[in-house]
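Have a look at the structure below before the remarks.
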Amino acid sequence: FSRALSPTSIAAVNHGADHRSSSRTYASAHAQTWQEVVACIPVSYRAHCAGPLKNLYDLAVKVSHAEAAHNRLLEAKSQAGTPPPQILGIHEPKWTMAKEFELKAASLKAESHQLWLNYRNAALDKGLELKEAELNWLKSQLEVEAYWPPIEEMLRGTYDAIKQKYRIPASMPQDDGSLKYEVPESLHMEYGAVRTDVSAYCIRVIEIERSRVLAEKYKNERKAQLHKAAEVELGSDDMAIDQETVTKADVASVVEKTMEKFLKSQAQKSTPKSQGKGPANAGGSKQGKKPLPKRKLGKGQGPKPSLKDRVAGPSAQHKRKASSKGNALGGQQGQGSGSSKPTKRMKRS
């Protein structure tokens, strides 16, 4: 079975003979992956173009990752976000000193703490500068002046190899009857179309990653708006929360009130509903029903003997009962008289 073509590939095949490049490449605008874009290229050039287009897509992914990291550093710089792990790992040194001297060294400790803060801020600034330089360089590699010359050279080399390998006889033989061979006109047309279309396919590959990043950005913004709306709603019920002036005590108060509401609702759910009316039903039992008395066991209705006794027979059971009774009587006599002599076993009746 052959692999099913994507809608993008089917549309590209349908418009493959069109002389306008815009008509041939329009189908690639609906591609979801870079592989679908590569499938729109003719077979003779497809394998050669797959590598450069894949590298271009990977470069676009690196740009999106570098941009996200740069934005996180900007948030950390503005005190609105969490510092990166590289900065959090810079711990403040703690020096052990005598308790009597610790109060006198307050100014020195403050200077040491300020030096540590300055180093963290300087490291964050340098990391931000480094990420910004990386982002600018990666974006420059996505410019057409940077990525197109190697692709142009690859297409030209592929076309030259095809010309040398495939030729057809001329339409009319020579006067002496010999045949002249020439490059098919279809190869010239194919090369011109591929050269024009691949430049558009490069843009499509970059746009696939950029569109994904934009969709993820809008999704995160929507989540942030919903989260903020939930916080405002919680604050209107319990207390007004200001992100700039909120304290730990305010947060603890909100948590405590929320837990009290939750526990009250759970207690109401777990309370059993009384059935029937009147004081006789205060305990929750149904009216008119009394607890059944314990049934006394009659003669011969004691507990069943064990498997060992049943195998050994009734004589063994009788011996074991007699032995247990004898031990009990002997123990009572020994406690009453104070003697420690063992009692004799009861004779078999």
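The way I read the labels, and the way they are meant: chains A, B, ... in the order of the structure tokens, residue 1 as the first residue of every chain, and ligand 1 as the first ligand shown, with later ones counted on from there.
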>> At a cut-off of 9 Å, using only C-alpha atoms, what residues contact Val37 in chain A? Leave out same-chain residues fewer than 2 positions from it and give the result as a VMD selection string.
In response: chain A and resid 8 to 9 27 to 29 31 to 35 39 to 41 53 201 to 202 204 to 205
>> Can you tell me, as an MDAnalysis selection string, which residues in range 30-130 of chain A count as helix (DSSP H, G or I) by DSSP?
In response: chainID A and resid 30 34:38 43:77 85:88 99:102 106:130
Now that the selection is made, can you save its residues with C-alpha atoms as a compact mmCIF listing (two decimals), in the first residue's frame?
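In the end it all went to out.txt:
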# COMPACT_ATOMS: atom_id res chain seq x y z
CA HIS A 30 -1.91 25.11 4.51
CA TRP A 34 7.94 21.04 7.13
CA GLN A 35 7.66 17.52 5.68
CA GLU A 36 4.43 18.51 3.93
CA VAL A 37 6.22 21.50 2.40
CA VAL A 38 9.01 19.26 1.12
CA VAL A 43 10.88 14.33 -7.06
CA SER A 44 14.15 15.20 -8.84
CA TYR A 45 14.89 17.97 -6.31
CA ARG A 46 12.97 16.76 -3.26
CA ALA A 47 15.72 14.77 -1.58
CA HIS A 48 18.27 17.55 -2.20
CA CYS A 49 15.99 20.24 -0.72
CA ALA A 50 14.90 18.24 2.33
CA GLY A 51 18.16 18.83 4.23
CA PRO A 52 18.35 22.64 3.77
CA LEU A 53 14.64 23.08 4.59
CA LYS A 54 14.99 20.91 7.69
CA ASN A 55 17.98 23.00 8.84
CA LEU A 56 15.98 26.16 8.22
CA TYR A 57 13.10 24.83 10.33
CA ASP A 58 15.47 23.84 13.15
CA LEU A 59 16.94 27.34 13.05
CA ALA A 60 13.45 28.83 13.39
CA VAL A 61 12.83 26.59 16.43
CA LYS A 62 16.08 27.79 18.01
CA VAL A 63 15.00 31.38 17.45
CA SER A 64 11.72 30.76 19.27
CA HIS A 65 13.51 29.06 22.19
CA ALA A 66 16.08 31.85 22.46
CA GLU A 67 13.34 34.47 22.36
CA ALA A 68 11.43 32.71 25.16
CA ALA A 69 14.58 32.54 27.30
CA HIS A 70 15.29 36.21 26.62
CA ASN A 71 11.78 37.17 27.72
CA ARG A 72 12.13 35.17 30.94
CA LEU A 73 15.35 37.01 31.74
CA LEU A 74 13.64 40.33 31.10
CA GLU A 75 10.89 39.38 33.56
CA ALA A 76 13.47 38.35 36.14
CA LYS A 77 15.27 41.67 35.63
CA PRO A 85 18.39 28.44 37.92
CA GLN A 86 21.83 29.82 37.03
CA ILE A 87 21.15 32.83 39.26
CA LEU A 88 19.28 30.93 41.99
CA LYS A 99 28.11 34.94 69.16
CA GLU A 100 29.67 37.81 71.11
CA PHE A 101 31.27 39.23 67.97
CA GLU A 102 28.29 38.71 65.66
CA ALA A 106 26.69 43.82 61.51
CA SER A 107 28.19 46.38 59.12
CA LEU A 108 30.63 43.86 57.66
CA LYS A 109 27.82 41.35 57.16
CA ALA A 110 25.72 43.98 55.41
CA GLU A 111 28.61 44.76 53.06
CA SER A 112 29.05 41.06 52.29
CA HIS A 113 25.33 40.70 51.57
CA GLN A 114 25.38 43.73 49.27
CA LEU A 115 28.37 42.34 47.37
CA TRP A 116 26.49 39.08 46.88
CA LEU A 117 23.43 40.94 45.58
CA ASN A 118 25.58 43.02 43.24
CA TYR A 119 27.23 39.89 41.85
CA ARG A 120 23.86 38.23 41.20
CA ASN A 121 22.55 41.32 39.46
CA ALA A 122 25.73 41.61 37.39
CA ALA A 123 25.52 37.94 36.40
CA LEU A 124 21.88 38.41 35.40
CA ASP A 125 22.75 41.47 33.32
CA LYS A 126 25.54 39.61 31.55
CA GLY A 127 23.29 36.61 30.88
CA LEU A 128 20.65 38.94 29.46
CA GLU A 129 23.24 40.54 27.21
CA LEU A 130 24.45 37.13 26.07
> In Å, with one decimal, what is the gap from CA of Glu145 in chain A to CA of Ser199 in chain A?
Replying inline: 11.5 Å
> Could you state the separation of CA of Leu155 in chain A and CA of Val194 in chain A in Å, given to one decimal place?
Replying inline: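 These atoms are spaced 8.3 Å apart.
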